[in-house]
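Listing of work25.cif, mmCIF, C-alpha atoms and all ligand atoms
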data_target
#
loop_
_atom_site.group_PDB
_atom_site.id
_atom_site.type_symbol
_atom_site.label_atom_id
_atom_site.label_comp_id
_atom_site.auth_asym_id
_atom_site.auth_seq_id
_atom_site.Cartn_x
_atom_site.Cartn_y
_atom_site.Cartn_z
ATOM 1 C CA MET Y 1 -22.661 48.503 -0.742
ATOM 2 C CA LYS Y 2 -25.605 46.306 0.144
ATOM 3 C CA LYS Y 3 -24.696 44.051 -2.766
ATOM 4 C CA SER Y 4 -21.139 43.525 -1.527
ATOM 5 C CA ILE Y 5 -22.303 42.687 2.042
ATOM 6 C CA TRP Y 6 -24.668 40.136 0.546
ATOM 7 C CA ALA Y 7 -21.846 38.679 -1.575
ATOM 8 C CA ALA Y 8 -19.539 38.505 1.453
ATOM 9 C CA ALA Y 9 -22.242 36.732 3.463
ATOM 10 C CA LEU Y 10 -22.745 34.228 0.654
ATOM 11 C CA LEU Y 11 -18.994 33.638 0.419
ATOM 12 C CA THR Y 12 -18.783 33.052 4.190
ATOM 13 C CA LEU Y 13 -21.685 30.622 3.979
ATOM 14 C CA SER Y 14 -20.152 28.675 1.124
ATOM 15 C CA LEU Y 15 -16.733 28.574 2.822
ATOM 16 C CA ALA Y 16 -18.365 27.316 6.018
ATOM 17 C CA SER Y 17 -20.153 24.626 4.063
ATOM 18 C CA CYS Y 18 -16.873 23.634 2.354
ATOM 19 C CA GLN Y 19 -15.117 23.357 5.700
ATOM 20 C CA GLU Y 20 -17.977 21.328 7.127
ATOM 21 C CA ASN Y 21 -17.667 18.999 4.144
ATOM 22 C CA GLU Y 22 -13.931 18.650 4.632
ATOM 23 C CA THR Y 23 -14.360 17.549 8.220
ATOM 24 C CA GLU Y 24 -16.826 14.897 7.126
ATOM 25 C CA THR Y 25 -14.894 13.389 4.240
ATOM 26 C CA ILE Y 26 -11.501 11.722 4.246
ATOM 27 C CA LYS Y 27 -9.809 11.151 0.880
ATOM 28 C CA ILE Y 28 -7.810 7.929 0.810
ATOM 29 C CA GLY Y 29 -5.559 7.040 -2.111
ATOM 30 C CA TYR Y 30 -5.098 3.469 -3.261
ATOM 31 C CA LEU Y 31 -3.864 1.274 -6.083
ATOM 32 C CA PRO Y 32 -6.266 -1.511 -7.182
ATOM 33 C CA ILE Y 33 -4.369 -4.284 -5.395
ATOM 34 C CA THR Y 34 -5.354 -6.908 -2.838
ATOM 35 C CA HIS Y 35 -2.751 -5.344 -0.493
ATOM 36 C CA ALA Y 36 -5.153 -2.395 -0.149
ATOM 37 C CA LEU Y 37 -8.107 -4.577 0.913
ATOM 38 C CA PRO Y 38 -8.488 -3.102 4.442
ATOM 39 C CA ALA Y 39 -8.945 0.421 3.013
ATOM 40 C CA LEU Y 40 -11.246 -0.817 0.222
ATOM 41 C CA THR Y 41 -13.272 -2.920 2.660
ATOM 42 C CA ALA Y 42 -13.574 -0.059 5.178
ATOM 43 C CA ALA Y 43 -15.017 2.120 2.425
ATOM 44 C CA ALA Y 44 -17.364 -0.634 1.240
ATOM 45 C CA LEU Y 45 -18.685 -1.352 4.734
ATOM 46 C CA GLN Y 46 -19.464 2.265 5.615
ATOM 47 C CA GLU Y 47 -23.086 3.118 6.088
ATOM 48 C CA GLU Y 48 -25.138 6.180 5.277
ATOM 49 C CA GLY Y 49 -24.356 8.923 7.767
ATOM 50 C CA ASP Y 50 -21.038 7.431 8.934
ATOM 51 C CA SER Y 51 -18.447 10.072 9.649
ATOM 52 C CA PRO Y 52 -15.974 10.669 8.228
ATOM 53 C CA ARG Y 53 -17.184 9.539 4.815
ATOM 54 C CA ILE Y 54 -14.358 7.580 3.191
ATOM 55 C CA GLU Y 55 -13.763 8.770 -0.372
ATOM 56 C CA LEU Y 56 -11.446 6.408 -2.246
ATOM 57 C CA VAL Y 57 -9.132 7.950 -4.839
ATOM 58 C CA LYS Y 58 -7.682 5.486 -7.348
ATOM 59 C CA PHE Y 59 -4.161 5.788 -8.805
ATOM 60 C CA GLY Y 60 -2.391 3.854 -11.553
ATOM 61 C CA SER Y 61 1.145 4.042 -10.176
ATOM 62 C CA TRP Y 62 2.939 4.527 -6.865
ATOM 63 C CA THR Y 63 4.615 7.674 -8.179
ATOM 64 C CA ASP Y 64 1.260 9.348 -8.927
ATOM 65 C CA LEU Y 65 -0.163 8.294 -5.563
ATOM 66 C CA SER Y 66 2.937 9.511 -3.743
ATOM 67 C CA ASP Y 67 2.782 12.906 -5.506
ATOM 68 C CA ALA Y 68 -0.854 13.348 -4.448
ATOM 69 C CA LEU Y 69 0.008 12.391 -0.888
ATOM 70 C CA ASN Y 70 3.030 14.658 -0.691
ATOM 71 C CA THR Y 71 1.157 17.670 -2.068
ATOM 72 C CA GLY Y 72 -1.864 17.190 0.228
ATOM 73 C CA ARG Y 73 -4.362 16.387 -2.543
ATOM 74 C CA ILE Y 74 -5.421 13.346 -0.514
ATOM 75 C CA ASP Y 75 -5.605 12.984 3.279
ATOM 76 C CA GLY Y 76 -4.052 9.542 3.430
ATOM 77 C CA ALA Y 77 -3.305 6.404 1.463
ATOM 78 C CA SER Y 78 -2.482 2.750 1.479
ATOM 79 C CA VAL Y 79 1.090 3.031 0.253
ATOM 80 C CA LEU Y 80 4.436 1.222 0.122
ATOM 81 C CA VAL Y 81 6.040 1.814 3.519
ATOM 82 C CA GLU Y 82 9.495 2.630 2.078
ATOM 83 C CA LEU Y 83 8.013 5.243 -0.243
ATOM 84 C CA ALA Y 84 6.228 6.928 2.668
ATOM 85 C CA MET Y 85 9.410 6.707 4.793
ATOM 86 C CA LYS Y 86 11.300 8.493 2.032
ATOM 87 C CA SER Y 87 8.665 11.258 1.957
ATOM 88 C CA ARG Y 88 8.921 11.584 5.722
ATOM 89 C CA GLU Y 89 12.709 11.749 5.422
ATOM 90 C CA ILE Y 90 12.501 14.764 3.112
ATOM 91 C CA GLY Y 91 10.141 16.566 5.465
ATOM 92 C CA ILE Y 92 6.631 15.597 4.286
ATOM 93 C CA GLY Y 93 4.312 15.371 7.306
ATOM 94 C CA LEU Y 94 3.088 11.784 7.015
ATOM 95 C CA LYS Y 95 2.313 9.401 9.849
ATOM 96 C CA ALA Y 96 1.895 5.633 9.454
ATOM 97 C CA VAL Y 97 -1.001 4.450 11.573
ATOM 98 C CA ALA Y 98 -1.462 0.776 10.582
ATOM 99 C CA LEU Y 99 -0.171 -1.902 8.251
ATOM 100 C CA GLY Y 100 -1.921 -2.697 4.977
ATOM 101 C CA HIS Y 101 -1.082 -6.371 5.466
ATOM 102 C CA THR Y 102 1.803 -8.619 6.441
ATOM 103 C CA ASP Y 103 3.627 -11.071 4.126
ATOM 104 C CA GLY Y 104 1.800 -11.403 0.793
ATOM 105 C CA ASN Y 105 4.470 -10.930 -1.876
ATOM 106 C CA VAL Y 106 5.856 -13.542 -4.233
ATOM 107 C CA VAL Y 107 8.887 -13.655 -6.506
ATOM 108 C CA ILE Y 108 7.465 -14.593 -9.906
ATOM 109 C CA VAL Y 109 9.716 -15.943 -12.645
ATOM 110 C CA ALA Y 110 9.402 -17.194 -16.210
ATOM 111 C CA PRO Y 111 8.923 -20.976 -16.614
ATOM 112 C CA GLY Y 112 12.582 -21.444 -17.648
ATOM 113 C CA ILE Y 113 14.002 -19.899 -14.446
ATOM 114 C CA ASN Y 114 14.604 -22.497 -11.734
ATOM 115 C CA SER Y 115 16.824 -20.704 -9.233
ATOM 116 C CA ALA Y 116 17.962 -17.225 -8.274
ATOM 117 C CA SER Y 117 21.266 -17.892 -10.079
ATOM 118 C CA ASP Y 118 19.325 -18.247 -13.351
ATOM 119 C CA LEU Y 119 18.422 -14.540 -13.034
ATOM 120 C CA ARG Y 120 22.041 -13.459 -13.628
ATOM 121 C CA GLY Y 121 22.216 -11.034 -16.549
ATOM 122 C CA LYS Y 122 18.416 -10.976 -16.938
ATOM 123 C CA SER Y 123 15.881 -8.152 -16.477
ATOM 124 C CA PHE Y 124 13.737 -8.212 -13.354
ATOM 125 C CA ALA Y 125 10.871 -5.814 -12.583
ATOM 126 C CA ILE Y 126 9.893 -4.107 -9.346
ATOM 127 C CA PRO Y 127 7.260 -1.367 -8.964
ATOM 128 C CA HIS Y 128 9.584 1.162 -7.349
ATOM 129 C CA ARG Y 129 13.073 1.163 -5.871
ATOM 130 C CA GLN Y 130 11.617 2.316 -2.513
ATOM 131 C CA SER Y 131 9.760 -0.928 -1.819
ATOM 132 C CA SER Y 132 9.864 -4.199 0.067
ATOM 133 C CA HIS Y 133 9.946 -5.819 -3.375
ATOM 134 C CA TYR Y 134 13.423 -4.371 -3.847
ATOM 135 C CA LEU Y 135 14.419 -5.583 -0.354
ATOM 136 C CA LEU Y 136 13.103 -9.091 -1.109
ATOM 137 C CA LEU Y 137 14.975 -9.131 -4.417
ATOM 138 C CA ASN Y 138 18.163 -8.099 -2.590
ATOM 139 C CA GLN Y 139 17.712 -11.003 -0.236
ATOM 140 C CA VAL Y 140 17.003 -13.545 -2.984
ATOM 141 C CA LEU Y 141 20.128 -12.469 -4.871
ATOM 142 C CA GLY Y 142 22.281 -12.240 -1.733
ATOM 143 C CA ASP Y 143 21.308 -15.771 -0.677
ATOM 144 C CA ALA Y 144 22.486 -16.993 -4.110
ATOM 145 C CA GLY Y 145 25.800 -15.111 -3.857
ATOM 146 C CA LEU Y 146 24.646 -12.450 -6.327
ATOM 147 C CA SER Y 147 23.867 -8.746 -5.982
ATOM 148 C CA VAL Y 148 21.586 -6.260 -7.740
ATOM 149 C CA ASP Y 149 24.564 -5.421 -9.989
ATOM 150 C CA ASP Y 150 24.316 -8.909 -11.519
ATOM 151 C CA ILE Y 151 20.859 -8.284 -12.973
ATOM 152 C CA ASN Y 152 19.054 -5.487 -14.797
ATOM 153 C CA ILE Y 153 16.390 -3.971 -12.547
ATOM 154 C CA VAL Y 154 13.500 -2.219 -14.285
ATOM 155 C CA GLU Y 155 10.712 -0.254 -12.653
ATOM 156 C CA LEU Y 156 7.271 -0.979 -14.110
ATOM 157 C CA ALA Y 157 3.716 -0.110 -13.068
ATOM 158 C CA PRO Y 158 2.244 -3.235 -11.398
ATOM 159 C CA PRO Y 159 -0.440 -3.987 -14.047
ATOM 160 C CA ASP Y 160 2.221 -4.000 -16.806
ATOM 161 C CA MET Y 161 4.276 -6.786 -15.261
ATOM 162 C CA PRO Y 162 2.396 -9.952 -16.328
ATOM 163 C CA TYR Y 163 2.492 -8.856 -19.978
ATOM 164 C CA ALA Y 164 6.190 -7.932 -19.739
ATOM 165 C CA LEU Y 165 6.843 -11.448 -18.407
ATOM 166 C CA SER Y 166 4.775 -13.246 -21.023
ATOM 167 C CA SER Y 167 6.421 -11.265 -23.825
ATOM 168 C CA GLU Y 168 9.865 -12.155 -22.413
ATOM 169 C CA GLN Y 169 10.877 -8.527 -21.795
ATOM 170 C CA ILE Y 170 11.640 -9.542 -18.210
ATOM 171 C CA ALA Y 171 12.595 -12.860 -16.567
ATOM 172 C CA GLY Y 172 10.679 -12.183 -13.369
ATOM 173 C CA TYR Y 173 9.108 -9.663 -11.047
ATOM 174 C CA CYS Y 174 8.153 -8.991 -7.471
ATOM 175 C CA VAL Y 175 5.177 -6.707 -6.879
ATOM 176 C CA ALA Y 176 2.036 -6.214 -4.812
ATOM 177 C CA GLU Y 177 -0.727 -8.723 -5.246
ATOM 178 C CA PRO Y 178 -2.754 -9.779 -7.238
ATOM 179 C CA PHE Y 179 -0.168 -9.438 -10.033
ATOM 180 C CA GLY Y 180 1.830 -12.468 -8.891
ATOM 181 C CA ALA Y 181 -1.359 -14.536 -8.726
ATOM 182 C CA LYS Y 182 -2.345 -13.263 -12.190
ATOM 183 C CA ALA Y 183 0.812 -14.730 -13.760
ATOM 184 C CA VAL Y 184 0.363 -18.074 -11.997
ATOM 185 C CA ASP Y 185 -3.344 -18.238 -12.889
ATOM 186 C CA ALA Y 186 -2.594 -17.457 -16.541
ATOM 187 C CA GLY Y 187 0.198 -20.064 -16.637
ATOM 188 C CA ILE Y 188 2.824 -17.555 -17.740
ATOM 189 C CA GLY Y 189 4.932 -17.568 -14.572
ATOM 190 C CA LYS Y 190 5.662 -19.508 -11.410
ATOM 191 C CA VAL Y 191 6.473 -18.731 -7.793
ATOM 192 C CA LEU Y 192 10.202 -18.947 -7.026
ATOM 193 C CA PHE Y 193 9.756 -17.723 -3.435
ATOM 194 C CA GLU Y 194 6.982 -16.544 -1.140
ATOM 195 C CA SER Y 195 7.920 -13.560 1.026
ATOM 196 C CA ALA Y 196 7.190 -15.521 4.230
ATOM 197 C CA GLU Y 197 10.083 -17.892 3.325
ATOM 198 C CA LEU Y 198 12.466 -14.960 2.963
ATOM 199 C CA TRP Y 199 11.445 -12.477 5.664
ATOM 200 C CA ASP Y 200 9.273 -13.342 8.639
ATOM 201 C CA HIS Y 201 6.328 -10.917 9.145
ATOM 202 C CA SER Y 202 7.534 -8.685 6.313
ATOM 203 C CA LEU Y 203 6.062 -5.205 6.100
ATOM 204 C CA CYS Y 204 5.052 -3.784 2.718
ATOM 205 C CA CYS Y 205 2.042 -1.453 2.542
ATOM 206 C CA VAL Y 206 0.984 0.876 5.334
ATOM 207 C CA LEU Y 207 -1.938 3.186 5.922
ATOM 208 C CA VAL Y 208 -0.540 6.698 6.233
ATOM 209 C CA LEU Y 209 -2.356 9.893 7.092
ATOM 210 C CA ASN Y 210 -1.326 13.469 6.532
ATOM 211 C CA GLU Y 211 -0.077 14.823 9.870
ATOM 212 C CA LYS Y 212 -2.060 18.045 9.394
ATOM 213 C CA TYR Y 213 -5.239 16.046 8.851
ATOM 214 C CA ILE Y 214 -4.638 14.173 12.120
ATOM 215 C CA GLU Y 215 -4.049 17.457 13.979
ATOM 216 C CA GLN Y 216 -6.994 19.324 12.475
ATOM 217 C CA HIS Y 217 -9.484 16.429 12.381
ATOM 218 C CA HIS Y 218 -8.341 14.249 15.236
ATOM 219 C CA LYS Y 219 -11.758 12.730 15.954
ATOM 220 C CA ALA Y 220 -12.391 11.930 12.281
ATOM 221 C CA ALA Y 221 -8.894 10.438 11.918
ATOM 222 C CA HIS Y 222 -9.498 8.270 14.953
ATOM 223 C CA GLU Y 223 -12.893 7.105 13.686
ATOM 224 C CA PHE Y 224 -11.524 6.340 10.236
ATOM 225 C CA VAL Y 225 -8.680 4.249 11.670
ATOM 226 C CA GLU Y 226 -11.205 2.413 13.861
ATOM 227 C CA ALA Y 227 -13.256 1.563 10.744
ATOM 228 C CA TYR Y 228 -10.033 0.461 8.995
ATOM 229 C CA LYS Y 229 -9.127 -1.795 11.923
ATOM 230 C CA GLU Y 230 -12.589 -3.388 11.921
ATOM 231 C CA ALA Y 231 -12.324 -3.928 8.150
ATOM 232 C CA GLY Y 232 -8.973 -5.698 8.594
ATOM 233 C CA GLU Y 233 -10.507 -8.043 11.160
ATOM 234 C CA TYR Y 234 -13.506 -8.640 8.877
ATOM 235 C CA ILE Y 235 -11.473 -9.757 5.832
ATOM 236 C CA ASP Y 236 -10.094 -13.083 7.054
ATOM 237 C CA SER Y 237 -13.481 -14.414 8.152
ATOM 238 C CA HIS Y 238 -15.480 -12.942 5.227
ATOM 239 C CA ARG Y 239 -13.356 -13.528 2.147
ATOM 240 C CA GLU Y 240 -16.291 -14.291 -0.148
ATOM 241 C CA GLU Y 241 -18.174 -11.161 0.949
ATOM 242 C CA VAL Y 242 -15.040 -9.021 0.609
ATOM 243 C CA PHE Y 243 -14.561 -10.278 -2.954
ATOM 244 C CA GLU Y 244 -18.050 -9.027 -3.824
ATOM 245 C CA LEU Y 245 -17.641 -5.778 -1.858
ATOM 246 C CA THR Y 246 -14.394 -4.820 -3.616
ATOM 247 C CA ARG Y 247 -15.201 -6.254 -7.028
ATOM 248 C CA GLU Y 248 -15.641 -2.844 -8.623
ATOM 249 C CA GLN Y 249 -12.246 -1.547 -7.465
ATOM 250 C CA LEU Y 250 -10.152 -4.691 -8.025
ATOM 251 C CA ASN Y 251 -11.822 -6.107 -11.126
ATOM 252 C CA ILE Y 252 -10.116 -9.521 -10.917
ATOM 253 C CA ASP Y 253 -11.175 -13.145 -11.397
ATOM 254 C CA LYS Y 254 -12.188 -15.066 -8.302
ATOM 255 C CA THR Y 255 -9.411 -17.646 -8.880
ATOM 256 C CA VAL Y 256 -6.812 -14.845 -8.917
ATOM 257 C CA TYR Y 257 -8.321 -13.305 -5.771
ATOM 258 C CA ASP Y 258 -8.312 -16.638 -3.921
ATOM 259 C CA LEU Y 259 -4.718 -17.467 -4.865
ATOM 260 C CA SER Y 260 -3.543 -13.972 -3.963
ATOM 261 C CA LEU Y 261 -5.164 -14.167 -0.535
ATOM 262 C CA ARG Y 262 -3.424 -17.460 0.232
ATOM 263 C CA TRP Y 263 -0.192 -15.482 0.577
ATOM 264 C CA ILE Y 264 -1.419 -12.387 2.453
ATOM 265 C CA SER Y 265 -2.209 -11.893 6.154
ATOM 266 C CA PHE Y 266 -4.524 -9.212 7.506
ATOM 267 C CA ASP Y 267 -4.907 -10.489 11.066
ATOM 268 C CA ASP Y 268 -2.459 -8.143 12.821
ATOM 269 C CA LEU Y 269 -2.222 -4.676 11.330
ATOM 270 C CA ALA Y 270 -0.565 -2.933 14.297
ATOM 271 C CA ILE Y 271 2.887 -1.550 13.474
ATOM 272 C CA GLY Y 272 5.074 -3.235 16.098
ATOM 273 C CA ARG Y 273 8.324 -1.511 16.999
ATOM 274 C CA ALA Y 274 10.475 -4.646 16.535
ATOM 275 C CA TYR Y 275 9.120 -5.203 13.012
ATOM 276 C CA TYR Y 276 9.600 -1.551 12.097
ATOM 277 C CA ASP Y 277 13.162 -1.563 13.456
ATOM 278 C CA ASP Y 278 13.865 -4.707 11.395
ATOM 279 C CA LEU Y 279 12.542 -2.874 8.334
ATOM 280 C CA THR Y 280 14.724 0.221 8.916
ATOM 281 C CA ARG Y 281 17.780 -2.048 9.256
ATOM 282 C CA ARG Y 282 16.952 -3.697 5.900
ATOM 283 C CA VAL Y 283 16.319 -0.293 4.271
ATOM 284 C CA SER Y 284 19.727 0.970 5.449
ATOM 285 C CA GLU Y 285 21.583 -2.196 4.455
ATOM 286 C CA ALA Y 286 20.075 -2.122 0.956
ATOM 287 C CA GLY Y 287 21.198 1.496 0.552
ATOM 288 C CA LEU Y 288 17.658 2.874 0.231
ATOM 289 C CA SER Y 289 18.274 5.425 2.957
ATOM 290 C CA ASP Y 290 21.086 6.551 5.263
ATOM 291 C CA THR Y 291 18.698 7.990 7.826
ATOM 292 C CA PRO Y 292 15.303 6.269 7.733
ATOM 293 C CA PRO Y 293 12.770 7.916 10.084
ATOM 294 C CA THR Y 294 12.682 6.490 13.591
ATOM 295 C CA TYR Y 295 9.620 4.787 15.039
ATOM 296 C CA GLU Y 296 8.840 7.951 17.044
ATOM 297 C CA GLU Y 297 9.146 10.196 13.992
ATOM 298 C CA PHE Y 298 7.057 8.137 11.609
ATOM 299 C CA ILE Y 299 4.645 5.862 13.433
ATOM 300 C CA ALA Y 300 1.476 6.969 15.233
ATOM 301 C CA PRO Y 301 0.534 3.759 17.065
ATOM 302 C CA ASP Y 302 -1.972 5.514 19.346
ATOM 303 C CA LEU Y 303 -4.490 5.928 16.504
ATOM 304 C CA TYR Y 304 -4.776 2.193 15.861
HETATM 305 ZN ZN ZN Y 401 1.876 -4.394 0.064
#

Output the structure of this file as structure tokens.
Amino acid sequence: MKKSIWAAALLTLSLASCQENETETIKIGYLPITHALPALTAAALQEEGDSPRIELVKFGSWTDLSDALNTGRIDGASVLVELAMKSREIGIGLKAVALGHTDGNVVIVAPGINSASDLRGKSFAIPHRQSSHYLLLNQVLGDAGLSVDDINIVELAPPDMPYALSSEQIAGYCVAEPFGAKAVDAGIGKVLFESAELWDHSLCCVLVLNEKYIEQHHKAAHEFVEAYKEAGEYIDSHREEVFELTREQLNIDKTVYDLSLRWISFDDLAIGRAYYDDLTRRVSEAGLSDTPPTYEEFIAPDLY
């Protein structure tokens, strides 16, 4: 009898310590891309004793990251906005609290491709159908009088794209940075368009948090988003420092980092209603969703 009371007390103690730990740590998923710099920088700038402690969880593909997010294995992530919108649409409790960046995508093509029309009949890679890369591709083709039916779209993990281009398996790709910069730096591809030429203030990655986490750890969620916001503001004026701070996660050459950052903006990470409404219109027109979540359903602007 005594033994079982003792065991129960120990169990209670260890559960309490687990719960205490949970309130102090926030698990944030990311892909090693320069689009995730605010999350990576926030983690790098945290100091001993800061709460919540940001624990970064690395993923190799958007599908793996999305699965972890949707099953609650991580508390939040820097993720493609369309992918998170789709999760929200099927009932996953995610809230977008800030942008990962604005602009910052390029359409990369093989040296022999000189216009969008040259892509007709060729293979073109995007990381996932639910992405701004697919929306940008739609626009590029539409402007040239073509549609996605005129090319062969393949979904590849971002790090596989430069090799697929150099080995002529694909004629071009559009994906999160630094993979566009990698192709340019290596001399295997060139920029056909920058996203800013195609879509003003385009959205791409967002910071999402699990709705339950926000409800159960509101103070920690708020403090994490505050650290994220400060990190975003820090990046533009401290690019050299940020390169060193995130070197371990990104593992890229400085020339690739510098080129990549020429295309990306981090100065305004608030999710404005007009920009979100523009995104939902594009998502609907491209056939990615019939009922994308409304601003009220999906965005939590009060945390930023
Ligand atoms: Zn992005």

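Candidate residues Y:Gly145, Y:Gly112, Y:Gly121, Y:Pro301 were compared for distance to Leu192 in chain Y, and the nearest is Y:Gly112, using only C-alpha atoms.
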
State, in Å with one decimal place, the distance from CA of Thr294 in chain Y to CA of Phe266 in chain Y. 24.1 Å

If I take CA of Asp143 in chain Y and CA of Val283 in chain Y, how far is one from the other in Å, to one decimal?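 Taking CA of Asp143 in chain Y as the start and CA of Val283 in chain Y as the end point, the length is 17.0 Å.
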
Pick the closest to ligand ZN 401 (chain Y) from Y:Asp64, Y:Glu197, Y:Asp290, Y:Glu82: which is it, counting only C-alpha atoms and all ligand atoms?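 Nearest candidate to ligand ZN 401 (chain Y) out of Y:Asp64, Y:Glu197, Y:Asp290, Y:Glu82: Y:Glu82.
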
Shortest interatomic distance to Glu194 in chain Y - which of Y:Ala220, Y:Val140, Y:Val242, Y:Ala227, counting only C-alpha atoms: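 Residue with the minimum atom-to-atom distance to Glu194 in chain Y: Y:Val140.
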
Using the chain letters and numbers from the file, give me the residues hit by the PyMOL selection byres (((not hetatm)) within 6 of (chain Y and resi 401)), as a ChimeraX atom specification. /Y:35,176,204-205

I'd like the contact shell of Gly76 in chain Y - 9 Å cut-off, all atoms listed in the file, skipping same-chain residues fewer than 4 positions apart - returned as a ChimeraX atom specification. /Y:26-29,69,72,94,207-210,213

Which residues, named as in the file, does the PyMOL selection byres (((chain Y and resi 196) around 10) and not hetatm) pick out? Answer as a ChimeraX atom specification. /Y:102-106,193-195,197-202,263-264

Expressed in Å to a single decimal, how great is the separation between CA of Gly100 in chain Y and CA of Asp185 in chain Y?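 The value is 23.7 Å.
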
Kindly provide, as AutoDock Vina command-line options, the centre and edge lengths (Å, one decimal) of an axis-aligned box around all atoms of range 61-80 of chain Y given in the file, with 5 Å on each side.
--center_x -0.5 --center_y 9.4 --center_z -3.4 --size_x 20.2 --size_y 26.4 --size_z 23.6

Name all residues at most 8 Å from range 148-163 of chain Y (count all atoms listed in the file; drop same-chain ones fewer than 4 positions away) and give them as a PyMOL selection string. chain Y and resi 60-62+119-129+137-138+141+167+173+175-176+179-180+182-183+188

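Among Y:Tyr134, Y:Ile214, Y:Leu245, Y:Gly189, the residue with the shortest atom-to-atom distance to Gln46 in chain Y, counting only C-alpha atoms, is Y:Leu245.
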
Any idea what's packed within 10 Å of Ala300 in chain Y, counting all atoms listed in the file, ignoring anything in its chain fewer than 2 positions away? Could you give it as a list in words? Leu94, Lys95, Ala96, Val97, Ala98, Val208, Leu209, Glu211, Ile214, Ile271, Tyr295, Glu296, Glu297, Phe298, Asp302, Leu303 and Tyr304 of chain Y

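Distances from Y:Leu99, Y:Gly93, Y:Ala186, Y:Leu83 to Gly272 in chain Y were compared using all atoms listed in the file, and the smallest one belongs to Y:Leu99.
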
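When all atoms listed in the file are used to compute distances to Thr291 in chain Y, the closest of the residues Y:Leu56, Y:Ala144, Y:Ile90, Y:Ile252 turns out to be Y:Ile90.
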
I'd like the residues picked by the PyMOL selection byres (((chain Y and resi 258) around 10) and not hetatm) written out as a VMD selection string, using the chain letters and numbers from the file. chain Y and resid 178 181 239 to 240 243 253 to 257 259 to 263

So that I can see what lies close to Arg273 in chain Y, please list as a compact mmCIF listing (two decimals) with C-alpha atoms, in the frame of the given file the residues with an atom at most 9 Å from it, counting all atoms listed in the file and leaving out residues fewer than 4 positions away in the same chain.
# COMPACT_ATOMS: atom_id res chain seq x y z
CA ASP Y 277 13.16 -1.56 13.46
CA ASP Y 278 13.86 -4.71 11.40
CA TYR Y 295 9.62 4.79 15.04
CA ILE Y 299 4.64 5.86 13.43

Put range 225-235 of chain Y into a file with N, CA, C and O atoms, as a short mmCIF file (atom, residue, chain, number, x, y, z; two decimals), in the first residue's frame.
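Output (result.cif):
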data_model
loop_
_atom_site.label_atom_id
_atom_site.label_comp_id
_atom_site.auth_asym_id
_atom_site.auth_seq_id
_atom_site.Cartn_x
_atom_site.Cartn_y
_atom_site.Cartn_z
N VAL Y 225 6.02 35.38 -29.87
CA VAL Y 225 5.75 36.20 -31.05
C VAL Y 225 6.47 37.55 -30.94
O VAL Y 225 6.97 38.09 -31.93
N GLU Y 226 6.58 38.06 -29.72
CA GLU Y 226 7.32 39.31 -29.50
C GLU Y 226 8.81 39.11 -29.88
O GLU Y 226 9.40 39.95 -30.56
N ALA Y 227 9.37 37.98 -29.47
CA ALA Y 227 10.77 37.68 -29.80
C ALA Y 227 10.94 37.52 -31.32
O ALA Y 227 11.93 37.95 -31.91
N TYR Y 228 9.93 36.91 -31.95
CA TYR Y 228 9.94 36.71 -33.41
C TYR Y 228 9.91 38.06 -34.12
O TYR Y 228 10.65 38.29 -35.08
N LYS Y 229 9.06 38.96 -33.61
CA LYS Y 229 8.93 40.29 -34.22
C LYS Y 229 10.26 41.05 -34.10
O LYS Y 229 10.73 41.65 -35.07
N GLU Y 230 10.87 40.98 -32.93
CA GLU Y 230 12.16 41.66 -32.73
C GLU Y 230 13.22 41.06 -33.66
O GLU Y 230 14.04 41.79 -34.21
N ALA Y 231 13.18 39.75 -33.84
CA ALA Y 231 14.15 39.09 -34.73
C ALA Y 231 13.98 39.59 -36.17
O ALA Y 231 14.95 39.86 -36.86
N GLY Y 232 12.73 39.72 -36.60
CA GLY Y 232 12.44 40.21 -37.95
C GLY Y 232 13.03 41.60 -38.16
O GLY Y 232 13.64 41.89 -39.19
N GLU Y 233 12.86 42.45 -37.14
CA GLU Y 233 13.38 43.82 -37.25
C GLU Y 233 14.91 43.83 -37.22
O GLU Y 233 15.54 44.70 -37.81
N TYR Y 234 15.49 42.85 -36.54
CA TYR Y 234 16.95 42.77 -36.40
C TYR Y 234 17.64 42.38 -37.72
O TYR Y 234 18.73 42.87 -38.04
N ILE Y 235 16.96 41.54 -38.52
CA ILE Y 235 17.62 40.94 -39.70
C ILE Y 235 18.14 41.98 -40.69
O ILE Y 235 19.32 41.94 -41.06
#
